[in-house]
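Everything below belongs to structure.cif, which stores mmCIF, C-alpha atoms.
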data_input
#
loop_
_atom_site.label_atom_id
_atom_site.label_comp_id
_atom_site.auth_asym_id
_atom_site.auth_seq_id
_atom_site.Cartn_x
_atom_site.Cartn_y
_atom_site.Cartn_z
CA MET A 40 190.36 28.52 206.61
CA TYR A 41 188.42 31.11 208.56
CA PHE A 42 185.16 29.30 209.25
CA LEU A 43 182.66 29.99 211.99
CA PRO A 44 180.74 26.69 211.87
CA ILE A 45 177.20 26.59 213.19
CA SER A 46 175.82 23.09 213.46
CA ASN A 47 172.16 22.30 213.01
CA ARG A 48 172.44 18.52 212.81
CA ARG A 49 171.22 15.91 215.23
CA ALA A 50 173.76 13.64 216.85
CA LYS A 51 174.41 10.05 215.71
CA VAL A 52 173.02 10.59 212.22
CA ILE A 53 175.50 9.86 209.44
CA HIS A 54 175.24 11.69 206.12
CA LYS A 55 177.26 11.65 202.93
CA GLU A 56 178.75 15.13 202.95
CA LYS A 57 177.80 17.60 200.23
CA ILE A 58 178.88 21.25 200.24
CA MET A 59 177.21 24.35 198.79
CA VAL A 60 178.85 27.78 198.54
CA CYS A 61 176.60 30.85 198.25
CA VAL A 62 178.07 33.75 196.26
CA HIS A 63 176.85 37.20 195.28
CA TYR A 64 178.29 40.05 193.23
CA GLY A 65 181.33 41.44 195.01
CA PRO A 66 185.06 40.96 195.49
CA HIS A 67 184.90 37.86 197.67
CA GLY A 68 183.03 35.35 195.52
CA GLU A 69 186.14 33.74 194.06
CA ARG A 70 187.74 33.30 197.47
CA LEU A 71 184.57 31.82 198.92
CA ILE A 72 184.51 29.29 196.09
CA ARG A 73 188.18 28.45 196.68
CA ARG A 74 187.45 27.88 200.38
CA GLY A 75 184.61 25.59 199.34
CA VAL A 76 186.93 23.72 196.97
CA GLN A 77 189.49 23.27 199.77
CA LEU A 78 186.88 21.88 202.14
CA SER A 79 185.41 19.69 199.40
CA GLU A 80 188.81 18.16 198.61
CA LEU A 81 189.61 17.76 202.30
CA ILE A 82 186.58 15.62 203.07
CA GLY A 83 185.96 14.21 199.58
CA ALA A 84 182.54 15.82 199.15
CA PRO A 85 180.66 16.98 196.02
CA LEU A 86 180.55 20.77 195.66
CA TYR A 87 177.78 23.11 194.49
CA VAL A 88 178.04 26.87 193.92
CA LEU A 89 174.80 28.87 194.27
CA ASN A 90 174.03 32.40 193.16
CA VAL A 91 170.66 33.81 194.23
CA GLU A 92 169.51 36.53 191.85
CA SER A 93 168.22 39.50 193.83
CA SER A 94 166.39 40.74 190.73
CA ASP A 95 163.88 38.72 188.75
CA THR A 96 164.58 40.69 185.56
CA ASP A 97 167.01 39.66 182.82
CA GLU A 98 168.49 43.16 182.53
CA TYR A 99 172.13 43.03 181.35
CA ASN A 100 174.78 44.09 183.86
CA GLN A 101 178.42 44.00 182.73
CA SER A 102 179.94 43.57 186.20
CA LYS A 103 177.45 40.83 187.04
CA GLU A 104 178.21 38.96 183.83
CA MET A 105 181.96 39.12 184.49
CA PHE A 106 181.55 37.72 187.99
CA MET A 107 179.28 34.98 186.69
CA ALA A 108 181.80 33.98 184.01
CA VAL A 109 184.59 33.67 186.57
CA TRP A 110 182.43 31.69 189.02
CA LYS A 111 181.29 29.30 186.31
CA ARG A 112 184.89 28.71 185.25
CA LEU A 113 186.06 28.11 188.83
CA ALA A 114 183.17 25.71 189.44
CA GLU A 115 183.90 23.84 186.20
CA GLU A 116 187.61 23.55 187.05
CA ALA A 117 186.71 22.13 190.49
CA GLY A 118 184.15 19.70 189.07
CA ALA A 119 181.38 21.57 190.90
CA GLU A 120 177.85 22.31 189.73
CA PHE A 121 177.07 26.02 189.30
CA MET A 122 173.48 27.03 190.00
CA VAL A 123 171.58 30.30 189.54
CA ARG A 124 168.21 30.70 191.25
CA LYS A 125 165.86 33.68 191.06
CA ARG A 126 164.07 34.85 194.19
CA ARG A 127 160.72 35.45 192.44
CA GLY A 128 159.41 37.38 195.44
CA ARG A 129 160.65 34.85 197.99
CA LYS A 130 163.17 35.33 200.80
CA THR A 131 166.79 34.57 200.00
CA THR A 132 166.88 32.09 202.90
CA ASP A 133 164.02 30.11 201.35
CA VAL A 134 165.82 29.90 198.00
CA ILE A 135 169.08 28.76 199.64
CA VAL A 136 167.39 26.07 201.72
CA GLU A 137 165.31 24.90 198.76
CA ALA A 138 168.44 24.44 196.63
CA ALA A 139 170.28 22.76 199.51
CA GLU A 140 167.47 20.27 200.12
CA GLU A 141 167.17 19.55 196.40
CA LYS A 142 170.86 18.58 196.25
CA GLU A 143 170.83 16.95 199.71
CA VAL A 144 173.52 19.37 200.90
CA THR A 145 174.92 18.88 204.40
CA GLN A 146 177.19 21.98 204.66
CA ILE A 147 176.46 25.53 203.51
CA ILE A 148 179.13 28.24 203.19
CA ILE A 149 178.26 31.95 203.18
CA GLY A 150 180.42 35.08 203.40
CA GLN A 151 180.46 37.77 206.03
CA SER A 152 181.53 41.19 204.78
CA ALA A 153 180.08 44.70 204.95
CA GLN A 154 181.88 45.57 201.72
CA THR A 155 179.82 43.53 199.28
CA LEU A 156 176.29 43.41 197.98
CA TRP A 157 175.85 40.17 199.94
CA GLN A 158 175.16 42.37 202.99
CA GLU A 159 171.91 40.58 203.74
CA LEU A 160 174.01 37.59 204.75
CA THR A 161 175.98 39.57 207.34
CA LYS A 162 172.99 40.40 209.48
CA ARG A 163 172.47 38.24 212.52
CA ASN A 164 168.75 37.94 211.87
CA PHE A 165 169.53 36.47 208.43
CA VAL A 166 171.82 33.84 209.96
CA ASN A 167 169.22 32.97 212.62
CA GLU A 168 166.50 32.75 209.97
CA LEU A 169 168.67 30.53 207.77
CA ILE A 170 169.55 28.22 210.66
CA SER A 171 165.89 27.90 211.66
CA LYS A 172 165.02 26.67 208.16
CA MET A 173 167.99 24.33 207.73
CA LYS A 174 167.51 20.65 208.47
CA MET A 175 170.43 18.31 209.12
CA MET A 176 172.94 20.86 207.79
CA ASP A 177 175.97 22.77 209.06
CA LEU A 178 176.46 26.48 208.35
CA HIS A 179 179.95 27.94 207.79
CA VAL A 180 180.25 31.73 207.98
CA VAL A 181 183.52 32.79 206.35
CA ALA A 182 184.95 36.03 207.73
CA VAL A 183 186.06 37.32 204.33
CA GLN A 184 187.35 40.60 205.80
CA ARG A 185 190.17 38.57 207.37
CA MET A 186 191.28 37.11 204.05
CA ARG A 187 193.37 40.15 203.21
CA ALA A 188 195.59 39.40 206.17
CA GLY A 189 196.62 36.25 204.30
CA LEU A 190 196.95 37.88 200.89
CA GLU A 191 200.20 36.07 200.17
CA GLU A 192 198.34 32.75 200.37
CA THR A 193 195.91 33.63 197.59
CA HIS A 194 197.69 36.22 195.42
CA GLU A 195 201.02 36.85 193.76
CA GLU A 196 203.31 39.62 194.99
CA GLY A 197 201.96 43.07 194.14
CA VAL A 198 203.36 44.96 191.15
CA VAL A 199 202.99 48.65 190.28
CA SER A 200 200.13 48.98 187.82
CA TYR A 201 197.57 51.49 186.59
CA LEU A 202 193.82 51.70 186.14
CA VAL A 203 193.23 53.55 182.89
CA LYS A 204 189.80 54.88 182.02
CA ASN A 205 188.55 53.60 178.68
CA GLY A 206 185.04 54.69 177.86
CA GLY A 207 182.91 54.01 180.90
CA VAL A 208 185.25 51.53 182.60
CA TYR A 209 188.71 51.40 184.17
CA GLN A 210 191.06 48.82 182.68
CA LEU A 211 194.22 47.37 184.18
CA SER A 212 197.43 48.50 182.46
CA ASP A 213 201.19 48.26 182.94
CA GLU A 214 201.65 51.88 181.83
CA PRO A 215 199.75 55.13 182.45
CA GLU A 216 197.80 56.22 179.38
CA GLY A 217 195.98 59.47 178.71
CA THR A 218 195.10 61.78 181.57
CA ASP A 219 192.57 59.72 183.51
CA PHE A 220 194.41 56.94 185.33
CA ILE A 221 195.04 55.67 188.87
CA LYS A 222 198.36 54.33 190.11
CA GLY A 223 198.48 51.43 192.57
CA LYS A 224 199.62 47.85 193.08
CA PHE A 225 197.97 44.86 191.45
CA PHE A 226 197.91 41.52 193.29
CA HIS A 227 197.20 38.80 190.75
CA GLU A 228 195.12 35.93 192.08
CA LEU A 229 196.93 32.61 192.12
CA HIS A 230 195.93 29.67 189.91
CA THR A 231 194.22 31.72 187.20
CA GLU A 232 195.35 32.82 183.74
CA PHE A 233 192.89 35.70 183.76
CA GLU A 234 193.67 39.20 185.06
CA ASN A 235 191.75 38.67 188.27
CA GLY A 236 192.88 40.01 191.61
CA LEU A 237 193.06 43.00 193.92
CA PHE A 238 194.24 46.52 193.10
CA ARG A 239 195.53 48.44 196.11
CA ILE A 240 195.38 52.23 196.27
CA GLU A 241 195.98 54.73 199.05
CA GLN A 242 192.87 56.65 199.98
CA ASP A 243 192.66 59.10 202.89
CA GLY A 244 195.89 57.69 204.28
CA LYS A 245 194.58 54.11 204.30
CA ALA A 246 195.03 51.18 201.96
CA ARG A 247 191.96 50.28 199.93
CA TYR A 248 191.61 47.12 197.85
CA LEU A 249 189.59 47.16 194.64
CA HIS A 250 188.47 44.03 192.81
CA ILE A 251 189.66 43.39 189.27
CA CYS A 252 187.81 40.87 187.12
CA GLU A 253 189.38 39.97 183.77
CA GLY A 254 191.28 43.25 183.70
CA ILE A 255 188.26 45.44 184.47
CA LEU A 256 187.59 47.35 187.71
CA THR A 257 184.31 46.11 189.18
CA ASP A 258 184.24 48.10 192.44
CA PRO A 259 183.10 51.74 192.65
CA LEU A 260 185.87 54.27 193.23
#
Can you present the structure in this file as structure tokens?
Amino acid sequence: MYFLPISNRRAKVIHKEKIMVCVHYGPHGERLIRRGVQLSELIGAPLYVLNVESSDTDEYNQSKEMFMAVWKRLAEEAGAEFMVRKRRGRKTTDVIVEAAEEKEVTQIIIGQSAQTLWQELTKRNFVNELISKMKMMDLHVVAVQRMRAGLEETHEEGVVSYLVKNGGVYQLSDEPEGTDFIKGKFFHELHTEFENGLFRIEQDGKARYLHICEGILTDPL
């Protein structure tokens, strides 16, 4: 596990461990939850999964709803509690700490990646601000950009597949259909019956990985 632990606990104080994973809409939420599950099982601690809504509106967003469905399922399978909290004009750090204190959490896991909407979490001032508000907790910063180096640990072997445009979305397919499609390799995520995983394409001479959630492309091309 690629954790950068930052401790904010006082010595010689014993706590019953409780873990909370913070996820936002992007390709790394599932892997962050799986890292939390691994740590939870390792130390025998209850697990919570928190999503902080950046918007206070209830406007429907298809990609957001797909991510939420997957996270809820993963949390349920792991016996974890899934929580959604709205910011309501507050700072994200305040919402995270409030939820952590409510559940008496001792370890918080966040992701570090410039490729997701959870970019606020990658800034050093955010981490410093979060640490300053945490009491008797440890912070784990997961370097999610390094997870692709261990793709074989989390995904099946890649197979040639296609993204076929259907209406306003691109859907995963075994065969090219119509005239608007993209050829690549699909890496199915392990331990799931859904079509979730990574779709690799070549772009400007470099490999690019796109996130697939239940057979639908959720990343911008």
### Query
How would you write, as a PyMOL selection string, the residues chosen by the PyMOL selection byres ((chain A and resi 173) around 12) on this structure?
chain A and resi 45-49+132-140+143-147+166-172+174-178
### Summary
Restricting to all atoms listed in the file, whichever of A:Glu141, A:Val76, A:Glu116, A:Ile149 is closest to Val62 in chain A is A:Ile149
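The list of residues with at least one atom within 12 Å of Lys204 in chain A, based on all atoms listed in the file and without residues fewer than 6 positions apart in the same chain, reads A:Gln210, A:Leu211, A:Ser212, A:Pro215, A:Glu216, A:Gly217, A:Thr218, A:Asp219, A:Phe220, A:Ile221, A:Lys222, A:Gly254, A:Ile255, A:Leu256, A:Leu260.
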### Query
Using the chain letters and numbers from the file, which residues does the PyMOL selection byres ((chain A and resi 200) around 7) grab, as number ranges by chain?
A: 198-199, 201, 212-214, 222-225
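Of the listed residues (A:Lys245, A:Asn90, A:Lys103, A:Val109), A:Asn90 comes nearest to Arg126 in chain A; the distances count all atoms listed in the file.
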### Task
May I have the residues within 6 Å of Val91 in chain A as a ChimeraX atom specification, using only C-alpha atoms and disregarding those fewer than 2 positions away in the same chain?
/A:123-125
Save the residues we just selected, C-alpha atoms, as an mmCIF file, in the frame of the given file?
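After the write, selection03.cif holds the following:
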data_model
loop_
_atom_site.group_PDB
_atom_site.id
_atom_site.type_symbol
_atom_site.label_atom_id
_atom_site.label_comp_id
_atom_site.auth_asym_id
_atom_site.auth_seq_id
_atom_site.Cartn_x
_atom_site.Cartn_y
_atom_site.Cartn_z
ATOM 1 C CA VAL A 123 171.580 30.300 189.540
ATOM 2 C CA ARG A 124 168.210 30.700 191.250
ATOM 3 C CA LYS A 125 165.860 33.680 191.060
#
### Query
At what distance in Å, to one decimal, does CA of Gly206 in chain A lie from CA of Gly236 in chain A?
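Separation between CA of Gly236 in chain A and CA of Gly206 in chain A: 21.6 Å.
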### Task
Identify, on the basis of all atoms listed in the file, every residue whose closest approach to Met59 in chain A does not exceed 6 Å; exclude the query and any residue fewer than 5 positions from it along the same chain; express the result as a list of chain:residue names.
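Final neighbour list, sorted by chain and number: A:Leu86, A:Tyr87, A:Val88, A:Ile147.
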How would the residues just chosen look if you wrote them out with C-alpha atoms as a CSV table (one decimal), in the coordinates of the input?
chain,number,residue,atom,x,y,z
A,86,LEU,CA,180.6,20.8,195.7
A,87,TYR,CA,177.8,23.1,194.5
A,88,VAL,CA,178.0,26.9,193.9
A,147,ILE,CA,176.5,25.5,203.5
